[in-house]
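Data block below; observations after.
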Amino acid sequence: MADFVEKLDGQGDYRRITVSNTEKIIFPKMTYKDYKIIPDDIRCELIDGVIYLMASADEMHQWISGELLAQLKNQLQGKKCTPYSEFDVRPFYTLDESDVTVVRPDIIVVCDETKVIGKKNCEGPPDFIIEIMSDSSRKRDFENKKFEYERAGVKEYWIVTKGVIYSFLLSNNEYTEHIFNLNDSSRLKISSLEDCYLDFNSIVVRYSWL
């Protein structure tokens, strides 16, 4: 089993896996062309050419996602920006399907309808992304995905954890981090969307963060 995965220096289209202190395996990065033939019942993401399996969401994860999505749909109804859940995103979309990152955020908001209308996935970066963190997704959410979202130009990225929201706002091509502690009066503005807020009161009341 691989200890870690890293880029092969000087060869951007390949990956190197260290399987022991000395043994290394070099293999090509997977692309969207490879990813799209994976059966739909296998939940996974492709990040910089490497497939990551996704665990099934628990009840709390699903309820929070549904609540936040409902709020966004209500506030954005009739506006140019549209929210989606569990929708594949190709942040570095290429016509020849050679792009090497396909993520499936919990919630996205897209304001450019040409990226999504009638498409199988979002072809380019969304404007706003929410990831609801689980124990198994912490590293991907805070490291791999944050790096990819920042590089792709996602304007705003939130990570929802138990009692805390981590908000990353893009400025001069870099994220600035803001941290909000949730309580029963937490109503947070989405900076990248006009007159759009998320109210976490019902979530805090329901779970009290266990």
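Each chain in the structure tokens gets a letter, A, B, ..., in the order shown, and its residues are numbered from 1; ligands are numbered from 1 in order too.
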Determine which residues of segment 2-166 of chain A receive a DSSP assignment of strand (DSSP E or B), computed from the backbone, and state them as number ranges by chain.
-> A: 4-7, 14-18, 24-28, 44-47, 50-53, 82-85, 89-90, 102-103, 107-110, 122-123, 128-132, 156-161, 164-166
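Within 8 Å of segment 163-166 of chain A, once only C-alpha atoms are used and residues closer than 4 positions along the same chain are dropped, the contacting residues are Trp158, Ile159, Glu177, His178, Ile179, Phe180, Asn181, Leu182, Asn183, Val204 and Trp209 of chain A.
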Within 9 Å of Pro125 of chain A using only C-alpha atoms, minus same-chain residues under 6 positions, as a PDB file with N, CA and C atoms, in the first residue's frame:
```
ATOM      1  N   VAL A  89     -17.478  18.665 -10.883  1.00  0.00           N
ATOM      2  CA  VAL A  89     -16.871  19.919 -11.328  1.00  0.00           C
ATOM      3  C   VAL A  89     -15.516  19.623 -11.959  1.00  0.00           C
ATOM      4  N   ARG A  90     -15.330  20.145 -13.155  1.00  0.00           N
ATOM      5  CA  ARG A  90     -14.013  20.077 -13.811  1.00  0.00           C
ATOM      6  C   ARG A  90     -13.435  21.494 -13.788  1.00  0.00           C
ATOM      7  N   PRO A  91     -12.728  21.850 -12.731  1.00  0.00           N
ATOM      8  CA  PRO A  91     -12.292  23.241 -12.569  1.00  0.00           C
ATOM      9  C   PRO A  91     -11.316  23.716 -13.635  1.00  0.00           C
ATOM     10  N   PHE A  92     -10.588  22.771 -14.251  1.00  0.00           N
ATOM     11  CA  PHE A  92      -9.633  23.134 -15.302  1.00  0.00           C
ATOM     12  C   PHE A  92     -10.079  22.512 -16.625  1.00  0.00           C
ATOM     13  N   TYR A  93     -11.341  22.674 -16.944  1.00  0.00           N
ATOM     14  CA  TYR A  93     -11.981  22.037 -18.098  1.00  0.00           C
ATOM     15  C   TYR A  93     -11.185  22.217 -19.390  1.00  0.00           C
ATOM     16  N   VAL A 110     -23.153  28.370  -9.275  1.00  0.00           N
ATOM     17  CA  VAL A 110     -22.569  28.752 -10.561  1.00  0.00           C
ATOM     18  C   VAL A 110     -23.365  29.928 -11.127  1.00  0.00           C
ATOM     19  N   LYS A 115     -21.583  27.193 -18.236  1.00  0.00           N
ATOM     20  CA  LYS A 115     -20.752  26.126 -17.668  1.00  0.00           C
ATOM     21  C   LYS A 115     -21.568  24.892 -17.290  1.00  0.00           C
ATOM     22  N   TYR A 149      -8.987  24.597  -5.735  1.00  0.00           N
ATOM     23  CA  TYR A 149      -9.984  25.663  -5.864  1.00  0.00           C
ATOM     24  C   TYR A 149      -9.318  27.026  -5.985  1.00  0.00           C
ATOM     25  N   ALA A 152      -7.764  27.326  -9.415  1.00  0.00           N
ATOM     26  CA  ALA A 152      -8.753  27.422 -10.486  1.00  0.00           C
ATOM     27  C   ALA A 152      -9.487  28.760 -10.490  1.00  0.00           C
ATOM     28  N   GLY A 153      -9.414  29.496  -9.376  1.00  0.00           N
ATOM     29  CA  GLY A 153     -10.078  30.788  -9.315  1.00  0.00           C
ATOM     30  C   GLY A 153     -11.478  30.757  -8.741  1.00  0.00           C
ATOM     31  N   VAL A 154     -11.786  29.770  -7.896  1.00  0.00           N
ATOM     32  CA  VAL A 154     -13.071  29.750  -7.194  1.00  0.00           C
ATOM     33  C   VAL A 154     -13.090  30.937  -6.234  1.00  0.00           C
ATOM     34  N   LYS A 155     -14.091  31.808  -6.362  1.00  0.00           N
ATOM     35  CA  LYS A 155     -14.092  33.073  -5.624  1.00  0.00           C
ATOM     36  C   LYS A 155     -14.202  32.887  -4.117  1.00  0.00           C
TER      37      LYS A 155
END
```
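Among the candidate residues A:Glu131, A:Glu148, A:Glu156, A:Asp41, the one lying nearest to Thr101 of chain A is A:Glu148, with distances computed using only C-alpha atoms.
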Please identify all polymer residues within 12 Å of Val109 of chain A, counting only C-alpha atoms, omitting same-chain residues fewer than 2 positions from it, and present them as a count of residues only.
-> 41
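Excluding Ala55 of chain A itself and any same-chain residue fewer than 6 positions from it, the protein and nucleic acid residues within 12 Å of it, counting only C-alpha atoms, are Ile42, Arg43, Cys44, Glu45, His61, Met133, Ser134, Asp135, Ser136 and Ser137 of chain A.
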Spatial neighbours of Ile203 of chain A, max dist 12 Å, only C-alpha atoms, sep filter under 3 positions, as a PyMOL selection string | chain A and resi 60-68+160-164+182-187+198-200+206-210
With C-alpha atoms retained, export the selected residues as an mmCIF file, in the first residue's frame.
```cif
data_model
loop_
_atom_site.group_PDB
_atom_site.id
_atom_site.type_symbol
_atom_site.label_atom_id
_atom_site.label_comp_id
_atom_site.auth_asym_id
_atom_site.auth_seq_id
_atom_site.Cartn_x
_atom_site.Cartn_y
_atom_site.Cartn_z
ATOM 1 C CA MET A 60 -25.780 14.784 9.816
ATOM 2 C CA HIS A 61 -23.802 15.439 6.642
ATOM 3 C CA GLN A 62 -26.855 14.837 4.456
ATOM 4 C CA TRP A 63 -29.196 16.934 6.610
ATOM 5 C CA ILE A 64 -26.830 19.908 6.733
ATOM 6 C CA SER A 65 -26.262 19.721 2.994
ATOM 7 C CA GLY A 66 -30.001 19.608 2.331
ATOM 8 C CA GLU A 67 -30.700 22.535 4.672
ATOM 9 C CA LEU A 68 -28.017 24.781 3.154
ATOM 10 C CA VAL A 160 -18.393 23.452 7.347
ATOM 11 C CA THR A 161 -17.217 21.585 10.444
ATOM 12 C CA LYS A 162 -18.787 20.865 13.835
ATOM 13 C CA GLY A 163 -19.421 24.334 15.220
ATOM 14 C CA VAL A 164 -16.997 26.198 12.962
ATOM 15 C CA LEU A 182 -21.306 28.935 15.094
ATOM 16 C CA ASN A 183 -23.991 29.661 17.678
ATOM 17 C CA ASP A 184 -27.767 29.878 17.623
ATOM 18 C CA SER A 185 -27.659 33.327 16.035
ATOM 19 C CA SER A 186 -25.109 32.636 13.309
ATOM 20 C CA ARG A 187 -26.123 34.189 10.004
ATOM 21 C CA LEU A 198 -26.773 31.287 5.204
ATOM 22 C CA ASP A 199 -28.485 30.859 8.563
ATOM 23 C CA PHE A 200 -27.021 28.091 10.741
ATOM 24 C CA ARG A 206 -30.725 20.200 15.746
ATOM 25 C CA TYR A 207 -27.274 18.846 16.576
ATOM 26 C CA SER A 208 -25.804 21.069 19.304
ATOM 27 C CA TRP A 209 -22.613 19.694 17.769
ATOM 28 C CA LEU A 210 -23.103 16.419 19.612
#
```
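Between atom CA of Leu46 of chain A and atom CA of Val102 of chain A there is a distance of 4.8 Å.
Comparing A:Thr176, A:Asp48, A:Gln77, A:Ser56 by their smallest distance to Lys145 of chain A, the closest is A:Asp48 (using only C-alpha atoms).
Distance check against Asn74 of chain A using only C-alpha atoms: of A:Tyr197, A:Arg138, A:Phe147, A:Ile47, the minimum falls on A:Tyr197.
What separates atom CA of Glu143 of chain A from atom CA of Asp40 of chain A is a distance of 25.8 Å.
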Which is closer to Lys33 of chain A than all the others in A:Ala70, A:Ser191, A:Gly49, A:Asn173, using only C-alpha atoms?
-> A:Gly49
For the structure I just gave you, how does DSSP split chain A - specifically, which residues are helix (DSSP H, G or I)? Reply as a CSV table (one decimal) with N, CA and C atoms, in the first residue's frame.
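Contents of the output file result13.csv:
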```csv
chain,number,residue,atom,x,y,z
A,32,TYR,N,-9.8,13.2,-17.2
A,32,TYR,CA,-11.2,13.1,-17.2
A,32,TYR,C,-11.7,12.0,-18.2
A,33,LYS,N,-10.9,11.8,-19.2
A,33,LYS,CA,-11.3,10.7,-20.2
A,33,LYS,C,-11.3,9.4,-19.5
A,34,ASP,N,-10.4,9.1,-18.6
A,34,ASP,CA,-10.3,7.9,-17.8
A,34,ASP,C,-11.4,7.9,-16.7
A,35,TYR,N,-11.6,9.0,-16.1
A,35,TYR,CA,-12.6,9.2,-15.0
A,35,TYR,C,-14.0,8.9,-15.4
A,59,GLU,N,-26.0,10.8,8.4
A,59,GLU,CA,-27.2,11.5,8.5
A,59,GLU,C,-27.0,13.0,8.7
A,60,MET,N,-26.0,13.4,9.5
A,60,MET,CA,-25.8,14.8,9.8
A,60,MET,C,-25.3,15.5,8.6
A,61,HIS,N,-24.4,14.9,7.9
A,61,HIS,CA,-23.8,15.4,6.6
A,61,HIS,C,-24.9,15.7,5.6
A,62,GLN,N,-25.8,14.7,5.4
A,62,GLN,CA,-26.9,14.8,4.5
A,62,GLN,C,-27.9,15.9,4.9
A,63,TRP,N,-28.2,16.0,6.2
A,63,TRP,CA,-29.2,16.9,6.6
A,63,TRP,C,-28.7,18.4,6.5
A,64,ILE,N,-27.4,18.6,6.9
A,64,ILE,CA,-26.8,19.9,6.7
A,64,ILE,C,-26.8,20.3,5.3
A,65,SER,N,-26.3,19.4,4.4
A,65,SER,CA,-26.3,19.7,3.0
A,65,SER,C,-27.6,20.1,2.4
A,66,GLY,N,-28.7,19.3,2.8
A,66,GLY,CA,-30.0,19.6,2.3
A,66,GLY,C,-30.5,20.9,2.8
A,67,GLU,N,-30.3,21.3,4.1
A,67,GLU,CA,-30.7,22.5,4.7
A,67,GLU,C,-30.0,23.7,4.0
A,68,LEU,N,-28.7,23.7,3.8
A,68,LEU,CA,-28.0,24.8,3.2
A,68,LEU,C,-28.4,24.9,1.7
A,69,LEU,N,-28.6,23.8,1.0
A,69,LEU,CA,-29.0,23.9,-0.4
A,69,LEU,C,-30.4,24.5,-0.5
A,70,ALA,N,-31.3,24.2,0.4
A,70,ALA,CA,-32.7,24.7,0.4
A,70,ALA,C,-32.6,26.2,0.6
A,71,GLN,N,-31.8,26.7,1.5
A,71,GLN,CA,-31.7,28.1,1.7
A,71,GLN,C,-31.1,28.8,0.5
A,72,LEU,N,-30.2,28.2,-0.2
A,72,LEU,CA,-29.6,28.9,-1.4
A,72,LEU,C,-30.6,28.9,-2.5
A,73,LYS,N,-31.3,27.8,-2.7
A,73,LYS,CA,-32.4,27.8,-3.8
A,73,LYS,C,-33.4,28.9,-3.5
A,74,ASN,N,-33.8,29.0,-2.3
A,74,ASN,CA,-34.8,30.0,-2.0
A,74,ASN,C,-34.3,31.5,-2.2
A,75,GLN,N,-33.1,31.7,-1.8
A,75,GLN,CA,-32.5,33.1,-2.0
A,75,GLN,C,-32.1,33.4,-3.4
A,76,LEU,N,-31.8,32.4,-4.2
A,76,LEU,CA,-31.2,32.6,-5.5
A,76,LEU,C,-32.3,32.4,-6.6
A,113,GLU,N,-24.2,30.4,-16.6
A,113,GLU,CA,-24.9,29.2,-17.0
A,113,GLU,C,-24.4,28.4,-18.1
A,114,THR,N,-23.5,29.0,-18.9
A,114,THR,CA,-22.9,28.3,-20.0
A,114,THR,C,-22.0,27.1,-19.5
A,115,LYS,N,-21.6,27.2,-18.2
A,115,LYS,CA,-20.8,26.1,-17.7
A,115,LYS,C,-21.6,24.9,-17.3
A,135,ASP,N,-14.5,13.3,9.1
A,135,ASP,CA,-13.2,12.9,9.5
A,135,ASP,C,-12.3,12.4,8.4
A,136,SER,N,-12.9,11.6,7.5
A,136,SER,CA,-12.2,11.0,6.4
A,136,SER,C,-11.8,12.0,5.3
A,137,SER,N,-12.5,13.2,5.3
A,137,SER,CA,-12.2,14.2,4.2
A,137,SER,C,-11.4,15.4,4.6
A,138,ARG,N,-11.0,15.4,5.9
A,138,ARG,CA,-10.3,16.6,6.4
A,138,ARG,C,-9.1,17.0,5.5
A,139,LYS,N,-8.2,16.1,5.2
A,139,LYS,CA,-7.0,16.4,4.5
A,139,LYS,C,-7.3,16.9,3.1
A,140,ARG,N,-8.3,16.2,2.4
A,140,ARG,CA,-8.6,16.6,1.1
A,140,ARG,C,-9.3,18.0,1.1
A,141,ASP,N,-10.2,18.2,2.0
A,141,ASP,CA,-10.9,19.5,2.1
A,141,ASP,C,-9.9,20.7,2.4
A,142,PHE,N,-9.0,20.5,3.3
A,142,PHE,CA,-8.2,21.6,3.8
A,142,PHE,C,-6.9,21.7,2.9
A,143,GLU,N,-6.5,20.7,2.3
A,143,GLU,CA,-5.2,20.7,1.5
A,143,GLU,C,-5.5,20.6,0.0
A,144,ASN,N,-5.8,19.4,-0.4
A,144,ASN,CA,-5.9,19.1,-1.8
A,144,ASN,C,-6.9,20.0,-2.5
A,145,LYS,N,-8.1,20.0,-2.0
A,145,LYS,CA,-9.2,20.7,-2.7
A,145,LYS,C,-9.0,22.2,-2.6
A,146,LYS,N,-8.6,22.7,-1.4
A,146,LYS,CA,-8.3,24.1,-1.2
A,146,LYS,C,-7.3,24.6,-2.2
A,147,PHE,N,-6.2,23.8,-2.4
A,147,PHE,CA,-5.2,24.2,-3.4
A,147,PHE,C,-5.8,24.3,-4.8
A,148,GLU,N,-6.6,23.2,-5.2
A,148,GLU,CA,-7.1,23.2,-6.5
A,148,GLU,C,-8.1,24.3,-6.7
A,149,TYR,N,-9.0,24.6,-5.7
A,149,TYR,CA,-10.0,25.7,-5.9
A,149,TYR,C,-9.3,27.0,-6.0
A,150,GLU,N,-8.3,27.2,-5.2
A,150,GLU,CA,-7.6,28.5,-5.2
A,150,GLU,C,-6.9,28.7,-6.6
A,151,ARG,N,-6.3,27.6,-7.1
A,151,ARG,CA,-5.6,27.7,-8.4
A,151,ARG,C,-6.6,27.9,-9.5
A,152,ALA,N,-7.8,27.3,-9.4
A,152,ALA,CA,-8.8,27.4,-10.5
A,152,ALA,C,-9.5,28.8,-10.5
A,201,ASN,N,-28.8,28.6,12.4
A,201,ASN,CA,-29.5,28.4,13.6
A,201,ASN,C,-30.2,27.0,13.7
A,202,SER,N,-30.9,26.6,12.6
A,202,SER,CA,-31.5,25.3,12.7
A,202,SER,C,-30.6,24.1,12.8
A,203,ILE,N,-29.4,24.3,12.2
A,203,ILE,CA,-28.4,23.3,12.3
A,203,ILE,C,-27.8,23.1,13.7
A,204,VAL,N,-27.5,24.3,14.3
A,204,VAL,CA,-27.0,24.3,15.7
A,204,VAL,C,-28.0,23.7,16.6
A,205,VAL,N,-29.3,24.1,16.5
A,205,VAL,CA,-30.3,23.6,17.4
A,205,VAL,C,-30.5,22.1,17.2
A,206,ARG,N,-30.5,21.6,16.0
A,206,ARG,CA,-30.7,20.2,15.7
A,206,ARG,C,-29.6,19.3,16.3
A,207,TYR,N,-28.4,19.7,16.2
A,207,TYR,CA,-27.3,18.8,16.6
A,207,TYR,C,-26.5,19.3,17.8
```
